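This is structure_33.tsv. It holds TSV, C-alpha atoms.
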chain	number	residue	atom	x	y	z
Q	1034	MET	CA	0.06	-22.53	-14.56
Q	1035	ARG	CA	3.08	-20.95	-12.93
Q	1036	ALA	CA	2.78	-18.33	-10.17
Q	1037	LEU	CA	4.92	-16.76	-7.47
Q	1038	LEU	CA	3.67	-15.33	-4.20
Q	1039	PHE	CA	6.00	-12.68	-2.81
Q	1040	THR	CA	6.18	-9.47	-0.84
Q	1041	THR	CA	7.67	-6.41	-2.49
Q	1042	GLY	CA	10.66	-6.11	-0.19
Q	1043	SER	CA	11.64	-9.75	0.40
Q	1044	PRO	CA	15.27	-10.36	-0.71
Q	1045	TYR	CA	14.57	-14.08	-0.95
Q	1046	SER	CA	11.67	-13.43	-3.31
Q	1047	ARG	CA	13.73	-10.97	-5.35
Q	1048	ALA	CA	16.36	-13.67	-5.91
Q	1049	ILE	CA	13.69	-16.08	-7.19
Q	1050	ARG	CA	12.21	-13.43	-9.48
Q	1051	ILE	CA	15.67	-12.79	-10.91
Q	1052	ILE	CA	16.17	-16.51	-11.57
Q	1053	LEU	CA	12.76	-16.75	-13.26
Q	1054	ASP	CA	13.75	-13.84	-15.51
Q	1055	GLU	CA	17.18	-15.35	-16.20
Q	1056	LEU	CA	15.39	-18.50	-17.39
Q	1057	GLU	CA	12.83	-16.39	-19.31
Q	1058	LEU	CA	9.95	-18.19	-17.61
Q	1059	GLU	CA	6.57	-16.50	-17.61
Q	1060	TYR	CA	4.66	-16.50	-14.33
Q	1061	GLU	CA	1.79	-14.81	-12.55
Q	1062	GLN	CA	3.04	-12.30	-9.99
Q	1063	ARG	CA	1.03	-12.57	-6.77
Q	1064	GLU	CA	2.61	-9.57	-5.08
Q	1065	GLU	CA	1.80	-8.41	-1.57
Q	1066	ILE	CA	2.80	-4.93	-0.41
Q	1067	THR	CA	2.07	-5.75	3.24
Q	1068	THR	CA	2.07	-9.04	5.12
Q	1069	PRO	CA	-1.38	-10.70	5.35
Q	1070	SER	CA	-2.79	-12.54	8.36
Q	1071	ALA	CA	-1.33	-15.86	9.44
Q	1072	GLU	CA	-4.47	-17.63	8.24
Q	1073	GLN	CA	-4.20	-16.08	4.77
Q	1074	ARG	CA	-0.51	-16.92	4.44
Q	1075	ALA	CA	-1.01	-20.46	5.76
Q	1076	ALA	CA	-3.24	-21.13	2.77
Q	1077	ALA	CA	-0.06	-20.96	0.66
Q	1078	THR	CA	2.64	-22.28	2.97
Q	1079	PRO	CA	2.88	-23.70	6.51
Q	1080	THR	CA	6.01	-21.60	7.14
Q	1081	LEU	CA	3.98	-18.36	6.74
Q	1082	GLN	CA	6.84	-16.99	4.63
Q	1083	VAL	CA	7.48	-15.98	1.05
Q	1084	PRO	CA	8.26	-16.86	-1.65
Q	1085	THR	CA	5.89	-19.66	-2.63
Q	1086	LEU	CA	6.02	-21.06	-6.18
Q	1087	TRP	CA	3.26	-22.91	-7.99
Q	1088	ASP	CA	4.37	-24.77	-11.11
Q	1089	GLY	CA	1.60	-26.88	-12.49
Q	1090	ASP	CA	0.53	-29.32	-9.75
Q	1091	LEU	CA	3.68	-28.67	-7.72
Q	1092	THR	CA	3.79	-26.19	-4.83
Q	1093	LEU	CA	7.17	-25.23	-3.35
Q	1094	TRP	CA	8.31	-22.86	-0.62
Q	1095	GLU	CA	11.71	-21.92	0.89
Q	1096	SER	CA	13.78	-19.92	-1.56
Q	1097	GLY	CA	16.75	-22.30	-1.73
Q	1098	THR	CA	14.48	-25.22	-2.60
Q	1099	ILE	CA	12.66	-23.16	-5.24
Q	1100	ALA	CA	15.95	-21.97	-6.77
Q	1101	GLU	CA	17.37	-25.49	-6.97
Q	1102	TYR	CA	14.13	-26.75	-8.53
Q	1103	LEU	CA	14.14	-24.04	-11.20
Q	1104	LEU	CA	17.79	-24.50	-12.15
Q	1105	THR	CA	17.55	-28.30	-12.38
Q	1106	THR	CA	14.11	-28.50	-14.01
Q	1107	TYR	CA	14.52	-25.82	-16.68
Q	1108	THR	CA	17.77	-26.62	-18.45
Q	1109	ASN	CA	17.60	-24.09	-21.29
Q	1110	ARG	CA	19.92	-21.14	-20.69
Q	1111	PRO	CA	19.06	-18.03	-22.72
Q	1112	ALA	CA	22.05	-16.17	-24.11
Q	1113	SER	CA	23.69	-13.81	-21.63
Q	1114	GLU	CA	27.18	-12.78	-20.66
Q	1115	PRO	CA	28.24	-14.34	-18.42
Q	1116	PRO	CA	25.66	-17.12	-18.65
Q	1117	LEU	CA	23.61	-18.46	-15.77
Q	1118	VAL	CA	25.03	-21.64	-14.24
Q	1119	ALA	CA	23.88	-24.93	-15.73
Q	1120	ASN	CA	23.51	-26.52	-12.29
Q	1121	PRO	CA	23.22	-25.07	-8.79
Q	1122	TRP	CA	26.05	-27.24	-7.45
Q	1123	ARG	CA	29.22	-28.29	-9.29
Q	1124	PRO	CA	29.88	-32.06	-8.97
Q	1125	SER	CA	33.56	-31.33	-8.29
Q	1126	ALA	CA	32.78	-28.77	-5.56
Q	1127	GLU	CA	29.29	-29.70	-4.39
Q	1128	TRP	CA	29.83	-29.25	-0.66
Q	1129	GLN	CA	31.80	-26.05	-1.01
Q	1130	ASP	CA	29.05	-24.60	-3.23
Q	1131	LYS	CA	26.38	-25.64	-0.73
Q	1132	LEU	CA	28.38	-24.26	2.20
Q	1133	ILE	CA	28.76	-20.88	0.50
Q	1134	PHE	CA	25.05	-20.78	-0.30
Q	1135	SER	CA	23.93	-21.72	3.21
Q	1136	THR	CA	26.29	-19.10	4.65
Q	1137	ILE	CA	24.76	-16.47	2.35
Q	1138	GLN	CA	21.30	-17.51	3.52
Q	1139	THR	CA	22.46	-17.15	7.14
Q	1140	PHE	CA	23.56	-13.62	6.21
Q	1141	GLY	CA	20.05	-12.99	4.85
Q	1142	THR	CA	18.39	-14.37	7.98
Q	1143	ALA	CA	20.47	-12.06	10.18
Q	1144	ALA	CA	19.57	-9.05	8.02
Q	1145	THR	CA	15.84	-9.76	7.90
Q	1146	THR	CA	15.74	-10.44	11.65
Q	1147	ILE	CA	17.29	-7.02	12.32
Q	1148	SER	CA	14.79	-5.44	9.95
Q	1149	GLN	CA	11.73	-7.15	11.46
Q	1150	LEU	CA	12.65	-6.29	15.03
Q	1151	LYS	CA	13.56	-2.70	14.19
Q	1152	TRP	CA	10.01	-2.08	12.98
Q	1153	THR	CA	8.67	-3.39	16.30
Q	1154	GLY	CA	10.75	-0.79	18.12
Q	1155	VAL	CA	13.79	-2.88	19.04
Q	1156	SER	CA	17.05	-1.29	17.91
Q	1157	ILE	CA	20.44	-2.93	17.54
Q	1158	ASP	CA	21.96	-1.15	20.53
Q	1159	GLN	CA	19.09	-2.33	22.76
Q	1160	ASN	CA	19.28	-6.03	22.02
Q	1161	ALA	CA	22.22	-8.44	22.41
Q	1162	HIS	CA	20.89	-10.80	19.73
Q	1163	LEU	CA	20.63	-8.01	17.16
Q	1164	LYS	CA	24.10	-6.78	18.04
Q	1165	ARG	CA	25.45	-10.30	17.46
Q	1166	SER	CA	23.48	-10.51	14.21
Q	1167	THR	CA	25.12	-7.28	13.03
Q	1168	GLU	CA	28.55	-8.64	13.93
Q	1169	LYS	CA	27.66	-11.80	12.02
Q	1170	LEU	CA	27.13	-9.77	8.83
Q	1171	THR	CA	30.69	-8.44	8.98
Q	1172	HIS	CA	32.27	-11.83	9.68
Q	1173	ILE	CA	30.32	-13.48	6.86
Q	1174	LEU	CA	31.28	-10.78	4.36
Q	1175	GLY	CA	34.93	-11.23	5.27
Q	1176	TRP	CA	34.72	-14.97	4.72
Q	1177	LEU	CA	32.79	-14.64	1.45
Q	1178	GLU	CA	35.31	-12.13	0.12
Q	1179	LYS	CA	37.98	-14.83	0.43
Q	1180	GLN	CA	35.83	-17.32	-1.51
Q	1181	LEU	CA	35.88	-15.09	-4.61
Q	1182	GLU	CA	38.94	-15.66	-6.79
Q	1183	ASP	CA	39.22	-12.11	-8.13
Q	1184	THR	CA	37.30	-8.93	-8.96
Q	1185	ASN	CA	36.15	-10.26	-12.35
Q	1186	ASN	CA	34.25	-13.38	-11.29
Q	1187	GLY	CA	31.51	-14.49	-8.97
Q	1188	PHE	CA	31.54	-17.61	-6.86
Q	1189	ILE	CA	31.66	-19.83	-9.97
Q	1190	HIS	CA	34.16	-18.89	-12.67
Q	1191	ASP	CA	32.64	-17.26	-15.78
Q	1192	ARG	CA	29.07	-17.92	-14.62
Q	1193	VAL	CA	26.32	-16.16	-12.71
Q	1194	SER	CA	25.53	-18.44	-9.81
Q	1195	LEU	CA	22.85	-19.04	-7.23
Q	1196	GLN	CA	25.27	-17.66	-4.66
Q	1197	ASP	CA	25.87	-14.45	-6.61
Q	1198	ILE	CA	22.16	-13.74	-6.99
Q	1199	PHE	CA	21.21	-14.34	-3.36
Q	1200	LEU	CA	24.17	-12.41	-1.91
Q	1201	ALA	CA	23.36	-9.40	-4.07
Q	1202	SER	CA	19.69	-9.56	-3.09
Q	1203	HIS	CA	20.49	-9.67	0.63
Q	1204	ILE	CA	23.06	-6.86	0.53
Q	1205	ARG	CA	20.89	-4.52	-1.52
Q	1206	PHE	CA	18.00	-5.28	0.88
Q	1207	ILE	CA	20.10	-3.97	3.77
Q	1208	GLN	CA	21.07	-0.86	1.82
Q	1209	ALA	CA	17.46	-0.12	0.83
Q	1210	ARG	CA	16.19	0.05	4.42
Q	1211	PRO	CA	17.13	2.49	7.18
Q	1212	LEU	CA	18.52	-0.17	9.52
Q	1213	GLY	CA	21.48	1.83	10.78
Q	1214	ILE	CA	23.91	-0.69	9.25
Q	1215	ASP	CA	26.88	0.34	7.11
Q	1216	LEU	CA	28.35	-2.75	5.49
Q	1217	ASN	CA	31.48	-0.80	4.43
Q	1218	LEU	CA	31.56	-2.56	1.07
Q	1219	SER	CA	34.70	-0.66	0.09
Q	1220	ASN	CA	36.49	-3.08	2.42
Q	1221	TYR	CA	35.33	-6.00	0.26
Q	1222	GLU	CA	36.58	-5.17	-3.23
Q	1223	ARG	CA	35.66	-8.48	-4.86
Q	1224	ILE	CA	32.12	-8.44	-3.48
Q	1225	ASP	CA	31.68	-4.78	-4.40
Q	1226	CYS	CA	32.75	-5.45	-8.00
Q	1227	LEU	CA	30.43	-8.47	-8.20
Q	1228	LEU	CA	27.45	-6.40	-7.07
Q	1229	ALA	CA	28.25	-3.61	-9.53
Q	1230	ARG	CA	28.29	-6.09	-12.42
Q	1231	LEU	CA	25.03	-7.72	-11.36
Q	1232	ASP	CA	23.29	-4.36	-10.92
Q	1233	ARG	CA	23.75	-3.80	-14.68
Q	1234	ARG	CA	22.29	-7.17	-15.63
Q	1235	LYS	CA	18.86	-7.15	-17.27
Q	1236	SER	CA	17.26	-9.53	-14.76
Q	1237	PHE	CA	18.40	-7.34	-11.86
Q	1238	LEU	CA	17.25	-4.12	-13.53
Q	1239	SER	CA	13.83	-5.72	-14.12
Q	1240	ASN	CA	13.50	-6.58	-10.43
Q	1241	PRO	CA	14.78	-3.50	-8.57
Q	1242	VAL	CA	15.07	-3.18	-4.83
Q	1243	TRP	CA	13.53	0.07	-3.62
Q	1244	TRP	CA	13.72	2.07	-0.44
Q	1245	TRP	CA	11.35	0.91	2.28
Q	1246	GLU	CA	10.41	2.10	5.76
Q	1247	PRO	CA	7.21	1.84	7.84
Q	1248	GLY	CA	4.30	3.55	6.12
Q	1249	VAL	CA	5.35	2.73	2.55
Q	1250	VAL	CA	2.38	1.10	0.83
Q	1251	GLY	CA	3.46	1.17	-2.80
Q	1252	TYR	CA	5.73	2.70	-5.42
Q	1253	GLU	CA	5.58	4.97	-8.43
Q	1254	ALA	CA	6.90	3.58	-11.71
Q	1255	ASP	CA	10.31	5.11	-10.99
Q	1256	GLY	CA	10.51	3.58	-7.52
Q	1257	THR	CA	9.43	6.64	-5.54
Q	1258	PRO	CA	7.73	5.34	-2.37
Q	1259	LYS	CA	4.04	5.96	-1.77
Q	1260	TYR	CA	3.16	6.48	1.88
Q	1261	GLN	CA	-0.04	5.61	3.70
Q	1262	GLY	CA	-2.31	8.63	3.89
Q	1263	GLU	CA	-0.54	10.49	1.10
Q	1264	THR	CA	-2.76	12.59	-1.13
Q	1265	GLN	CA	-3.09	10.83	-4.45
Q	1266	SER	CA	-2.12	12.88	-7.49
Q	1267	LYS	CA	-4.77	13.23	-10.17
Show me the file's structure as structure tokens.
Amino acid sequence: MRALLFTTGSPYSRAIRIILDELELEYEQREEITTPSAEQRAAATPTLQVPTLWDGDLTLWESGTIAEYLLTTYTNRPASEPPLVANPWRPSAEWQDKLIFSTIQTFGTAATTISQLKWTGVSIDQNAHLKRSTEKLTHILGWLEKQLEDTNNGFIHDRVSLQDIFLASHIRFIQARPLGIDLNLSNYERIDCLLARLDRRKSFLSNPVWWWEPGVVGYEADGTPKYQGETQSK
């Protein structure tokens, strides 16, 4: 039995769903539109976060751990162009690969923190921590842009990497929510080209990121948000 617990909007969960599709692994989707109680979530993971993966008798949480497990456990790589990486970390560049990935996850943490606090009524201009988090996004993008060798490759030459998938998931998360953040991606040509290529990839198209704001409780097949209290069409 293989299953994934995730919320619709989580960029971390989207990255794992993309990897599962890249590997052509079947799994039960345990999707949550809204966040359950702490007690309900604790039944799956002590961190009270998503995603959580069940694979046979093994239960894993924390998206980086899940991604590394999937890439090292399932070694078959279905045909695609460019192909998915064979391993999450290159032996010749292990620490650089891990540093890039952890920096991308820091980018995601900053973005999701801004999002969570905004929906509690705290805006960026009202909070010094959120302002610093927004500044962090810009500095990280500038550094990541320099880690890409050109506009035709991701973080690993001629491969789709863990880093590519998570960065795209985090950036598109920001763009799909009214956070008041303009990442000015035109200033980061290599990143912008990477995202455009990934957006056309089958695994990304199968796991779209849709607009979300408070009150959205679901989506039509084409991604149109459904709002709480909306009259249901017959």
Query raised in the report: From the set Q:Phe1206, Q:Trp1245, Q:Trp1122, Q:Tyr1260, which residue has the shortest atom-to-atom contact distance to Q:Ser1046, counting only C-alpha atoms?
Result: Q:Phe1206
**Report entry** d(atom CA of Q:Ile1207, atom CA of Q:Ala1144) in Å
**Finding:** 6.6 Å
Query - Polymer residues at most 9 Å from stretch 1089-1092 of chain Q, all atoms listed in the file, same-chain spacing of 6 or more positions, as a ChimeraX atom specification - result: /Q:1034-1036,1077-1078
Report task. Take atom CA of Q:Ile1214 and atom CA of Q:Val1242 and report the distance between them in Å, one decimal. Result ->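 Atom CA of Q:Val1242 lies 16.8 Å from atom CA of Q:Ile1214.
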Query raised in the report: So how far away is atom CA of Q:Pro1247 from atom CA of Q:Leu1150, in Å?
Result: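 Interatomic distance here is 12.1 Å.
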Report task. Fewer than 5 positions away in the same chain doesn't count, so skip those; otherwise give me all residues within 9 Å of Q:Glu1222, counting all atoms listed in the file, as a ChimeraX atom specification. Result -> /Q:1178,1183-1184,1227
For the selection you just gave me, I'd like the residues written to a file as a PDB file, in the frame of the given file, keeping C-alpha atoms.
ATOM      1  CA  GLU Q1178      35.310 -12.130   0.120  1.00  0.00           C
ATOM      2  CA  ASP Q1183      39.220 -12.110  -8.130  1.00  0.00           C
ATOM      3  CA  THR Q1184      37.300  -8.930  -8.960  1.00  0.00           C
ATOM      4  CA  LEU Q1227      30.430  -8.470  -8.200  1.00  0.00           C
TER       5      LEU Q1227
END
Requested in this report: Find the residues near Q:Asn1186: any atom within 12 Å, counting all atoms listed in the file, skip ones fewer than 3 places away on the same chain, and give them as a ChimeraX atom specification.
Outcome: /Q:1114-1116,1178,1180-1183,1189-1194,1196-1197,1222-1231
Next, the residues of the selection above should be written as a tab-separated table (two decimals), keeping the file's coordinate frame with C-alpha atoms.
chain	number	residue	atom	x	y	z
Q	1114	GLU	CA	27.18	-12.78	-20.66
Q	1115	PRO	CA	28.24	-14.34	-18.42
Q	1116	PRO	CA	25.66	-17.12	-18.65
Q	1178	GLU	CA	35.31	-12.13	0.12
Q	1180	GLN	CA	35.83	-17.32	-1.51
Q	1181	LEU	CA	35.88	-15.09	-4.61
Q	1182	GLU	CA	38.94	-15.66	-6.79
Q	1183	ASP	CA	39.22	-12.11	-8.13
Q	1189	ILE	CA	31.66	-19.83	-9.97
Q	1190	HIS	CA	34.16	-18.89	-12.67
Q	1191	ASP	CA	32.64	-17.26	-15.78
Q	1192	ARG	CA	29.07	-17.92	-14.62
Q	1193	VAL	CA	26.32	-16.16	-12.71
Q	1194	SER	CA	25.53	-18.44	-9.81
Q	1196	GLN	CA	25.27	-17.66	-4.66
Q	1197	ASP	CA	25.87	-14.45	-6.61
Q	1222	GLU	CA	36.58	-5.17	-3.23
Q	1223	ARG	CA	35.66	-8.48	-4.86
Q	1224	ILE	CA	32.12	-8.44	-3.48
Q	1225	ASP	CA	31.68	-4.78	-4.40
Q	1226	CYS	CA	32.75	-5.45	-8.00
Q	1227	LEU	CA	30.43	-8.47	-8.20
Q	1228	LEU	CA	27.45	-6.40	-7.07
Q	1229	ALA	CA	28.25	-3.61	-9.53
Q	1230	ARG	CA	28.29	-6.09	-12.42
Q	1231	LEU	CA	25.03	-7.72	-11.36
Requested in this report: Have a look at Q:Asn1120, Q:Asn1185, Q:Ser1125, Q:Thr1167 and name the one nearest to Q:Ala1143; count only C-alpha atoms.
Outcome: Q:Thr1167
Query raised in the report: Nearest to Q:Thr1146 among Q:Ser1043, Q:Pro1084, Q:Trp1176, Q:Val1250, with distances taken over only C-alpha atoms: which residue is it?
Result: Q:Ser1043
Query - Among the residues Q:Gln1208, Q:Thr1142, Q:Thr1171, Q:Ser1096, the one that comes closest to Q:Ala1048 [using all atoms listed in the file] - result: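 Under the stated criterion, the closest residue is Q:Ser1096.
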Report task. Could you check which of Q:Val1118, Q:Leu1132, Q:Ala1126, Q:Ala1112 is closest to Q:Ile1052, using all atoms listed in the file? Result ->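 Distance minimum relative to Q:Ile1052 lands on Q:Val1118.
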Could the centre and edge lengths of an axis-aligned box, enclosing all atoms of stretch 1122-1131 of chain Q in the file with 4 Å extra on each side, be given in Å to one decimal as AutoDock Vina command-line options?
--center_x 29.8 --center_y -28.3 --center_z -5.0 --size_x 15.5 --size_y 15.5 --size_z 16.6
Requested in this report: Give the answer as one residue: which of Q:Gln1149, Q:Leu1058, Q:Ile1204, Q:Gly1097 has the shortest atom-to-atom distance to Q:Glu1246, using all atoms listed in the file?
Outcome: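 Answer, going by the shortest atom-to-atom distance: Q:Gln1149.
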Requested in this report: Tell me, as a list in words, which residues lie within 12 Å of Q:His1172, counting only C-alpha atoms; anything in the same chain fewer than 3 positions away does not count.
Outcome: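 Close residues of Q:His1172: Thr1136, Ile1137, Thr1139, Phe1140, Ala1143, Arg1165, Ser1166, Thr1167, Glu1168, Lys1169, Gly1175, Trp1176, Leu1177, Glu1178, Lys1179, Leu1216 and Tyr1221 of chain Q.
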Query - Sel. within 12 Å of pt (2.6, 1.4, -5.5), counting all atoms listed in the file, output as a PyMOL selection string - result: chain Q and resi 1041+1064-1067+1243+1245+1248-1261+1263+1265
